[in-house]
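So this one's entry.txt, compact mmCIF, N, CA and C atoms:
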```
# COMPACT_ATOMS: atom_id res chain seq x y z
N MET A 1 10.05 -4.62 -2.95
CA MET A 1 9.09 -3.71 -3.53
C MET A 1 8.25 -3.11 -2.41
N ASN A 2 7.93 -1.84 -2.53
CA ASN A 2 7.15 -1.12 -1.55
C ASN A 2 5.66 -1.29 -1.82
N ALA A 3 4.83 -0.95 -0.84
CA ALA A 3 3.39 -1.10 -0.99
C ALA A 3 2.86 -0.33 -2.19
N GLY A 4 3.52 0.76 -2.55
CA GLY A 4 3.10 1.56 -3.68
C GLY A 4 3.49 0.96 -5.01
N GLY A 5 4.17 -0.19 -5.00
CA GLY A 5 4.54 -0.86 -6.23
C GLY A 5 5.89 -0.46 -6.79
N GLU A 6 6.54 0.53 -6.18
CA GLU A 6 7.84 0.94 -6.72
C GLU A 6 8.93 -0.01 -6.24
N GLN A 7 9.95 -0.18 -7.05
CA GLN A 7 11.10 -1.02 -6.70
C GLN A 7 11.99 -0.21 -5.77
N ILE A 8 12.31 -0.77 -4.61
CA ILE A 8 13.18 -0.08 -3.67
C ILE A 8 14.33 -1.00 -3.28
N GLU A 9 15.37 -0.39 -2.75
CA GLU A 9 16.49 -1.17 -2.22
C GLU A 9 17.10 -0.43 -1.04
N LEU A 10 17.76 -1.17 -0.19
CA LEU A 10 18.44 -0.61 0.97
C LEU A 10 19.91 -0.41 0.62
N MET A 11 20.36 0.82 0.71
CA MET A 11 21.76 1.14 0.42
C MET A 11 22.57 1.01 1.71
N LEU A 12 22.99 -0.22 1.98
CA LEU A 12 23.76 -0.51 3.17
C LEU A 12 24.66 -1.69 2.84
N PRO A 13 25.96 -1.54 3.04
CA PRO A 13 26.88 -2.65 2.74
C PRO A 13 26.51 -3.90 3.55
N THR A 14 26.72 -5.06 2.97
CA THR A 14 26.36 -6.32 3.61
C THR A 14 26.96 -6.48 5.01
N PRO A 15 28.24 -6.13 5.24
CA PRO A 15 28.77 -6.26 6.61
C PRO A 15 28.02 -5.36 7.61
N ALA A 16 27.67 -4.16 7.19
CA ALA A 16 26.93 -3.26 8.07
C ALA A 16 25.54 -3.80 8.35
N LEU A 17 24.90 -4.36 7.33
CA LEU A 17 23.57 -4.95 7.51
C LEU A 17 23.63 -6.10 8.52
N ALA A 18 24.67 -6.89 8.47
CA ALA A 18 24.84 -8.00 9.42
C ALA A 18 24.95 -7.48 10.84
N VAL A 19 25.68 -6.40 11.05
CA VAL A 19 25.82 -5.80 12.38
C VAL A 19 24.47 -5.29 12.86
N VAL A 20 23.75 -4.59 11.99
CA VAL A 20 22.43 -4.06 12.34
C VAL A 20 21.50 -5.19 12.77
N LYS A 21 21.44 -6.24 11.99
CA LYS A 21 20.55 -7.36 12.31
C LYS A 21 20.95 -8.04 13.62
N ALA A 22 22.24 -8.19 13.85
CA ALA A 22 22.71 -8.83 15.09
C ALA A 22 22.34 -7.99 16.31
N LEU A 23 22.51 -6.68 16.21
CA LEU A 23 22.18 -5.82 17.35
C LEU A 23 20.67 -5.81 17.61
N LEU A 24 19.89 -5.82 16.55
CA LEU A 24 18.43 -5.87 16.72
C LEU A 24 18.01 -7.20 17.35
N ARG A 25 18.60 -8.31 16.90
CA ARG A 25 18.28 -9.62 17.49
C ARG A 25 18.63 -9.64 18.98
N GLN A 26 19.74 -9.02 19.32
CA GLN A 26 20.21 -9.05 20.70
C GLN A 26 19.38 -8.14 21.61
N HIS A 27 19.05 -6.94 21.13
CA HIS A 27 18.45 -5.94 22.01
C HIS A 27 16.95 -5.71 21.80
N ALA A 28 16.40 -6.18 20.69
CA ALA A 28 14.95 -6.02 20.43
C ALA A 28 14.43 -7.28 19.73
N PRO A 29 14.62 -8.44 20.35
CA PRO A 29 14.31 -9.71 19.66
C PRO A 29 12.83 -9.92 19.35
N HIS A 30 11.95 -9.22 20.03
CA HIS A 30 10.51 -9.44 19.82
C HIS A 30 9.88 -8.36 18.96
N HIS A 31 10.72 -7.58 18.30
CA HIS A 31 10.23 -6.50 17.45
C HIS A 31 10.66 -6.73 16.01
N THR A 32 9.87 -6.22 15.10
CA THR A 32 10.25 -6.21 13.70
C THR A 32 10.76 -4.81 13.40
N ALA A 33 11.86 -4.73 12.67
CA ALA A 33 12.45 -3.43 12.35
C ALA A 33 12.37 -3.17 10.85
N PHE A 34 12.22 -1.92 10.52
CA PHE A 34 12.21 -1.46 9.14
C PHE A 34 13.20 -0.31 9.00
N ALA A 35 13.97 -0.33 7.93
CA ALA A 35 14.79 0.82 7.58
C ALA A 35 13.93 1.75 6.74
N PHE A 36 14.10 3.05 6.93
CA PHE A 36 13.40 4.03 6.11
C PHE A 36 14.33 5.23 5.97
N GLY A 37 13.91 6.22 5.26
CA GLY A 37 14.73 7.42 5.11
C GLY A 37 15.63 7.35 3.89
N SER A 38 16.72 8.10 3.95
CA SER A 38 17.56 8.31 2.77
C SER A 38 18.25 7.06 2.25
N ARG A 39 18.44 6.04 3.08
CA ARG A 39 19.13 4.83 2.63
C ARG A 39 18.19 3.84 1.92
N VAL A 40 16.90 4.09 1.95
CA VAL A 40 15.95 3.26 1.20
C VAL A 40 15.62 4.04 -0.07
N VAL A 41 16.09 3.53 -1.19
CA VAL A 41 16.07 4.29 -2.44
C VAL A 41 15.25 3.59 -3.51
N SER A 42 14.82 4.40 -4.48
CA SER A 42 14.04 3.83 -5.59
C SER A 42 14.51 4.32 -6.95
N SER A 43 15.54 5.16 -6.99
CA SER A 43 15.99 5.68 -8.28
C SER A 43 17.49 5.94 -8.24
N ALA A 44 18.05 6.13 -9.42
CA ALA A 44 19.48 6.46 -9.52
C ALA A 44 19.75 7.78 -8.81
N GLU A 45 18.82 8.70 -8.91
CA GLU A 45 18.97 10.01 -8.24
C GLU A 45 19.04 9.81 -6.73
N ASP A 46 18.17 8.96 -6.18
CA ASP A 46 18.21 8.65 -4.75
C ASP A 46 19.55 8.03 -4.37
N ARG A 47 20.01 7.07 -5.18
CA ARG A 47 21.27 6.38 -4.89
C ARG A 47 22.43 7.36 -4.84
N ALA A 48 22.42 8.35 -5.73
CA ALA A 48 23.51 9.32 -5.80
C ALA A 48 23.57 10.19 -4.54
N ARG A 49 22.44 10.35 -3.88
CA ARG A 49 22.40 11.19 -2.68
C ARG A 49 22.92 10.48 -1.43
N VAL A 50 22.97 9.16 -1.45
CA VAL A 50 23.41 8.41 -0.27
C VAL A 50 24.92 8.48 -0.18
N LYS A 51 25.39 8.95 0.94
CA LYS A 51 26.84 9.05 1.21
C LYS A 51 27.21 7.98 2.24
N PRO A 52 28.49 7.60 2.32
CA PRO A 52 28.88 6.59 3.31
C PRO A 52 28.50 6.97 4.74
N HIS A 53 28.47 8.27 5.03
CA HIS A 53 28.16 8.72 6.38
C HIS A 53 26.67 9.03 6.59
N SER A 54 25.84 8.85 5.54
CA SER A 54 24.40 9.09 5.70
C SER A 54 23.85 8.22 6.82
N ASP A 55 23.00 8.80 7.66
CA ASP A 55 22.48 8.04 8.79
C ASP A 55 21.54 6.94 8.34
N LEU A 56 21.30 6.00 9.23
CA LEU A 56 20.38 4.90 8.98
C LEU A 56 19.21 5.10 9.93
N ASP A 57 18.01 5.22 9.37
CA ASP A 57 16.80 5.39 10.18
C ASP A 57 16.10 4.05 10.31
N LEU A 58 15.79 3.67 11.56
CA LEU A 58 15.11 2.41 11.83
C LEU A 58 13.84 2.68 12.61
N ALA A 59 12.78 1.96 12.28
CA ALA A 59 11.53 2.02 13.02
C ALA A 59 11.21 0.61 13.52
N LEU A 60 10.83 0.52 14.79
CA LEU A 60 10.48 -0.76 15.40
C LEU A 60 8.96 -0.87 15.52
N THR A 61 8.42 -2.02 15.15
CA THR A 61 6.98 -2.24 15.29
C THR A 61 6.71 -2.96 16.61
N GLY A 62 5.45 -3.03 16.95
CA GLY A 62 5.06 -3.73 18.17
C GLY A 62 4.99 -2.78 19.35
N THR A 63 4.90 -3.37 20.52
CA THR A 63 4.84 -2.59 21.75
C THR A 63 6.11 -1.75 21.85
N PRO A 64 5.98 -0.46 22.15
CA PRO A 64 7.18 0.37 22.25
C PRO A 64 8.18 -0.20 23.26
N LEU A 65 9.45 -0.11 22.91
CA LEU A 65 10.48 -0.56 23.84
C LEU A 65 10.46 0.31 25.09
N PRO A 66 10.64 -0.28 26.26
CA PRO A 66 10.80 0.54 27.46
C PRO A 66 12.02 1.46 27.28
N LEU A 67 12.00 2.61 27.93
CA LEU A 67 13.06 3.60 27.76
C LEU A 67 14.45 3.03 28.03
N ASP A 68 14.59 2.21 29.07
CA ASP A 68 15.92 1.67 29.37
C ASP A 68 16.40 0.73 28.27
N GLN A 69 15.49 -0.04 27.70
CA GLN A 69 15.85 -0.96 26.61
C GLN A 69 16.18 -0.17 25.34
N MET A 70 15.42 0.90 25.06
CA MET A 70 15.71 1.75 23.90
C MET A 70 17.07 2.42 24.07
N PHE A 71 17.37 2.88 25.28
CA PHE A 71 18.67 3.50 25.54
C PHE A 71 19.79 2.49 25.29
N THR A 72 19.61 1.27 25.79
CA THR A 72 20.63 0.23 25.61
C THR A 72 20.84 -0.08 24.13
N LEU A 73 19.75 -0.15 23.37
CA LEU A 73 19.85 -0.41 21.93
C LEU A 73 20.59 0.73 21.23
N ARG A 74 20.21 1.95 21.53
CA ARG A 74 20.88 3.11 20.91
C ARG A 74 22.36 3.15 21.28
N GLU A 75 22.67 2.84 22.52
CA GLU A 75 24.06 2.82 22.96
C GLU A 75 24.85 1.72 22.22
N ALA A 76 24.22 0.57 22.03
CA ALA A 76 24.89 -0.52 21.30
C ALA A 76 25.22 -0.10 19.87
N PHE A 77 24.30 0.59 19.21
CA PHE A 77 24.58 1.08 17.86
C PHE A 77 25.68 2.13 17.89
N SER A 78 25.64 3.00 18.87
CA SER A 78 26.65 4.06 18.97
C SER A 78 28.05 3.49 19.19
N GLU A 79 28.13 2.40 19.95
CA GLU A 79 29.43 1.80 20.26
C GLU A 79 29.88 0.78 19.21
N SER A 80 29.03 0.50 18.23
CA SER A 80 29.38 -0.48 17.19
C SER A 80 30.40 0.13 16.22
N ASP A 81 30.85 -0.70 15.31
CA ASP A 81 31.81 -0.26 14.29
C ASP A 81 31.13 0.28 13.04
N LEU A 82 29.82 0.50 13.10
CA LEU A 82 29.11 1.01 11.92
C LEU A 82 29.64 2.40 11.55
N PRO A 83 29.80 2.65 10.25
CA PRO A 83 30.37 3.93 9.81
C PRO A 83 29.33 5.05 9.73
N MET A 84 28.13 4.82 10.27
CA MET A 84 27.09 5.85 10.22
C MET A 84 26.33 5.87 11.54
N ARG A 85 25.67 7.00 11.78
CA ARG A 85 24.80 7.12 12.94
C ARG A 85 23.51 6.34 12.65
N VAL A 86 22.94 5.72 13.68
CA VAL A 86 21.69 5.00 13.54
C VAL A 86 20.65 5.67 14.43
N ASP A 87 19.56 6.11 13.82
CA ASP A 87 18.44 6.72 14.56
C ASP A 87 17.33 5.68 14.65
N ILE A 88 16.79 5.50 15.86
CA ILE A 88 15.78 4.47 16.09
C ILE A 88 14.53 5.12 16.69
N VAL A 89 13.38 4.78 16.12
CA VAL A 89 12.10 5.25 16.65
C VAL A 89 11.15 4.07 16.73
N ASN A 90 10.11 4.23 17.53
CA ASN A 90 9.01 3.28 17.52
C ASN A 90 8.09 3.67 16.37
N MET A 91 7.64 2.71 15.60
CA MET A 91 6.80 2.98 14.44
C MET A 91 5.60 3.85 14.81
N GLY A 92 5.03 3.62 15.98
CA GLY A 92 3.88 4.40 16.42
C GLY A 92 4.17 5.87 16.65
N ASP A 93 5.45 6.23 16.75
CA ASP A 93 5.83 7.64 16.96
C ASP A 93 5.93 8.41 15.65
N LEU A 94 5.86 7.71 14.52
CA LEU A 94 5.92 8.40 13.23
C LEU A 94 4.55 9.00 12.93
N PRO A 95 4.52 10.12 12.23
CA PRO A 95 3.23 10.76 11.92
C PRO A 95 2.32 9.82 11.13
N GLU A 96 1.05 9.77 11.52
CA GLU A 96 0.09 8.94 10.80
C GLU A 96 -0.08 9.45 9.38
N GLY A 97 -0.25 8.53 8.46
CA GLY A 97 -0.48 8.89 7.07
C GLY A 97 0.78 9.26 6.32
N ARG A 98 1.90 9.28 7.00
CA ARG A 98 3.16 9.60 6.32
C ARG A 98 3.55 8.44 5.43
N LYS A 99 3.78 8.72 4.18
CA LYS A 99 4.15 7.69 3.22
C LYS A 99 5.66 7.45 3.32
N LEU A 100 6.03 6.23 3.62
CA LEU A 100 7.44 5.87 3.79
C LEU A 100 7.83 4.77 2.83
N ARG A 101 9.06 4.84 2.37
CA ARG A 101 9.67 3.68 1.73
C ARG A 101 10.31 2.93 2.89
N ALA A 102 9.89 1.72 3.11
CA ALA A 102 10.41 0.96 4.24
C ALA A 102 10.94 -0.39 3.79
N TRP A 103 12.10 -0.75 4.31
CA TRP A 103 12.76 -2.01 3.98
C TRP A 103 12.78 -2.89 5.23
N PRO A 104 12.11 -4.04 5.20
CA PRO A 104 12.10 -4.91 6.38
C PRO A 104 13.48 -5.50 6.65
N LEU A 105 13.83 -5.54 7.93
CA LEU A 105 15.13 -6.10 8.30
C LEU A 105 14.95 -7.45 8.91
```

For this file, write the structure as structure tokens.
Amino acid sequence: MNAGGEQIELMLPTPALAVVKALLRQHAPHHTAFAFGSRVVSSAEDRARVKPHSDLDLALTGTPLPLDQMFTLREAFSESDLPMRVDIVNMGDLPEGRKLRAWPL
């Protein structure tokens, strides 16, 4: 459930979620990650819009990753067997006050 009280879910197959969590543990072990964007849904209409190739948006909390570590993380996702592109940002880089549906990973 999101802070706004709405029921949300992450539209990501279990095997893909396992890969995402493993890469985050390996390359950003001291950060908490949240999925947001089109794969975090709250309605049947939202679910219908998610396609297998829809990207996965991730935000990392905590101290921003150094550029070399962020590059390594992005490269690991790019080289993985995930069937979608993964976009990663530091939570602090998102616009303040932007209301997000976020799913903790």

Subject >> All strand (DSSP E or B) positions in segment 9-74 of chain A, as JSON, numbers by chain >> reply: {"A": [9, 10, 33, 34, 35, 36, 40, 41, 56, 57, 58, 59, 60]}

**OP:** Considering only N, CA and C atoms, return as a ChimeraX atom specification whatever protein or nucleic-acid residues lie within 6 Å of segment 85-101 of chain A, sequence-local ones (same chain, fewer than 5 positions apart) excluded.
**Re:** /A:35-37,40,53-61,64

Write the residues you've just listed into a file as a CSV table (one decimal), keeping the file's coordinate frame, and include N, CA and C atoms for each of them.
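Saved file part_33.csv follows:
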```
chain,number,residue,atom,x,y,z
A,35,ALA,N,14.0,-0.3,7.9
A,35,ALA,CA,14.8,0.8,7.6
A,35,ALA,C,13.9,1.8,6.7
A,36,PHE,N,14.1,3.0,6.9
A,36,PHE,CA,13.4,4.0,6.1
A,36,PHE,C,14.3,5.2,6.0
A,37,GLY,N,13.9,6.2,5.3
A,37,GLY,CA,14.7,7.4,5.1
A,37,GLY,C,15.6,7.4,3.9
A,40,VAL,N,16.9,4.1,2.0
A,40,VAL,CA,16.0,3.3,1.2
A,40,VAL,C,15.6,4.0,-0.1
A,53,HIS,N,28.5,8.3,5.0
A,53,HIS,CA,28.2,8.7,6.4
A,53,HIS,C,26.7,9.0,6.6
A,54,SER,N,25.8,8.8,5.5
A,54,SER,CA,24.4,9.1,5.7
A,54,SER,C,23.8,8.2,6.8
A,55,ASP,N,23.0,8.8,7.7
A,55,ASP,CA,22.5,8.0,8.8
A,55,ASP,C,21.5,6.9,8.3
A,56,LEU,N,21.3,6.0,9.2
A,56,LEU,CA,20.4,4.9,9.0
A,56,LEU,C,19.2,5.1,9.9
A,57,ASP,N,18.0,5.2,9.4
A,57,ASP,CA,16.8,5.4,10.2
A,57,ASP,C,16.1,4.0,10.3
A,58,LEU,N,15.8,3.7,11.6
A,58,LEU,CA,15.1,2.4,11.8
A,58,LEU,C,13.8,2.7,12.6
A,59,ALA,N,12.8,2.0,12.3
A,59,ALA,CA,11.5,2.0,13.0
A,59,ALA,C,11.2,0.6,13.5
A,60,LEU,N,10.8,0.5,14.8
A,60,LEU,CA,10.5,-0.8,15.4
A,60,LEU,C,9.0,-0.9,15.5
A,61,THR,N,8.4,-2.0,15.2
A,61,THR,CA,7.0,-2.2,15.3
A,61,THR,C,6.7,-3.0,16.6
A,64,PRO,N,6.0,-0.5,22.2
A,64,PRO,CA,7.2,0.4,22.2
A,64,PRO,C,8.2,-0.2,23.3
```

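Using only N, CA and C atoms, the smallest distance between any of A:Arg39, A:Lys21, A:Arg47, A:His27 and Met70 of chain A comes from A:His27.
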
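Closest approach to Ala16 of chain A among A:Gln69, A:Thr63, A:Ser80, A:Ser43 is made by A:Ser80 (distances from only C-alpha atoms).
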
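Rounded to one decimal, atom CA of Val50 of chain A and atom CA of Leu12 of chain A lie 9.6 Å from each other.
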
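Put simply, atom CA of Val20 of chain A is 22.4 Å away from atom CA of Gln7 of chain A.
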
When you look at Leu73 of chain A with a cut-off of 9 Å (counting only C-alpha atoms), what residues show up, excluding the ones that are within fewer than 4 positions of it in the same chain? I need them as a compact mmCIF listing (two decimals) with N, CA and C atoms, in the coordinates of the input.
```txt
# COMPACT_ATOMS: atom_id res chain seq x y z
N LEU A 23 22.51 -6.68 16.21
CA LEU A 23 22.18 -5.82 17.35
C LEU A 23 20.67 -5.81 17.61
N LEU A 24 19.89 -5.82 16.55
CA LEU A 24 18.43 -5.87 16.72
C LEU A 24 18.01 -7.20 17.35
N GLN A 26 19.74 -9.02 19.32
CA GLN A 26 20.21 -9.05 20.70
C GLN A 26 19.38 -8.14 21.61
N HIS A 27 19.05 -6.94 21.13
CA HIS A 27 18.45 -5.94 22.01
C HIS A 27 16.95 -5.71 21.80
N ALA A 28 16.40 -6.18 20.69
CA ALA A 28 14.95 -6.02 20.43
C ALA A 28 14.43 -7.28 19.73
N ASP A 68 14.59 2.21 29.07
CA ASP A 68 15.92 1.67 29.37
C ASP A 68 16.40 0.73 28.27
N GLN A 69 15.49 -0.04 27.70
CA GLN A 69 15.85 -0.96 26.61
C GLN A 69 16.18 -0.17 25.34
N PHE A 77 24.30 0.59 19.21
CA PHE A 77 24.58 1.08 17.86
C PHE A 77 25.68 2.13 17.89
N SER A 78 25.64 3.00 18.87
CA SER A 78 26.65 4.06 18.97
C SER A 78 28.05 3.49 19.19
N ILE A 88 16.79 5.50 15.86
CA ILE A 88 15.78 4.47 16.09
C ILE A 88 14.53 5.12 16.69
```

**OP:** Run DSSP on the backbone of this structure and report the residues of segment 46-104 of chain A it assigns to helix (DSSP H, G or I), as an MDAnalysis selection string.
**Re:** chainID A and resid 46:49 67:79 91:93

Original post:
What gap, in Å, lies between atom CA of Ser42 of chain A and atom N of Pro104 of chain A?
Top reply: 13.5 Å

Can I get C-alpha atoms for segment 48-75 of chain A, as a PDB file, in the first residue's frame?
```
ATOM      1  CA  ALA A  48      -3.309  -3.047 -19.044  1.00  0.00           C
ATOM      2  CA  ARG A  49      -0.742  -0.392 -19.981  1.00  0.00           C
ATOM      3  CA  VAL A  50       2.250  -2.411 -18.758  1.00  0.00           C
ATOM      4  CA  LYS A  51       3.915  -4.276 -21.607  1.00  0.00           C
ATOM      5  CA  PRO A  52       6.651  -6.929 -21.267  1.00  0.00           C
ATOM      6  CA  HIS A  53       9.158  -4.419 -22.653  1.00  0.00           C
ATOM      7  CA  SER A  54       8.036  -1.506 -20.413  1.00  0.00           C
ATOM      8  CA  ASP A  55      11.067  -0.103 -18.625  1.00  0.00           C
ATOM      9  CA  LEU A  56      11.654  -0.469 -14.903  1.00  0.00           C
ATOM     10  CA  ASP A  57      12.366   2.765 -13.031  1.00  0.00           C
ATOM     11  CA  LEU A  58      14.396   2.488  -9.826  1.00  0.00           C
ATOM     12  CA  ALA A  59      15.273   5.168  -7.278  1.00  0.00           C
ATOM     13  CA  LEU A  60      18.029   4.688  -4.702  1.00  0.00           C
ATOM     14  CA  THR A  61      17.864   6.348  -1.285  1.00  0.00           C
ATOM     15  CA  GLY A  62      20.765   7.438   0.845  1.00  0.00           C
ATOM     16  CA  THR A  63      24.012   9.049  -0.164  1.00  0.00           C
ATOM     17  CA  PRO A  64      24.156   9.267  -3.964  1.00  0.00           C
ATOM     18  CA  LEU A  65      26.225   6.529  -5.556  1.00  0.00           C
ATOM     19  CA  PRO A  66      29.569   7.725  -6.898  1.00  0.00           C
ATOM     20  CA  LEU A  67      29.488   8.022 -10.695  1.00  0.00           C
ATOM     21  CA  ASP A  68      31.726   5.000 -11.254  1.00  0.00           C
ATOM     22  CA  GLN A  69      29.546   2.829  -9.009  1.00  0.00           C
ATOM     23  CA  MET A  70      26.351   4.089 -10.723  1.00  0.00           C
ATOM     24  CA  PHE A  71      27.912   3.307 -14.111  1.00  0.00           C
ATOM     25  CA  THR A  72      28.818  -0.207 -12.947  1.00  0.00           C
ATOM     26  CA  LEU A  73      25.277  -0.776 -11.648  1.00  0.00           C
ATOM     27  CA  ARG A  74      23.699   0.464 -14.879  1.00  0.00           C
ATOM     28  CA  GLU A  75      26.070  -1.684 -16.914  1.00  0.00           C
TER      29      GLU A  75
END
```
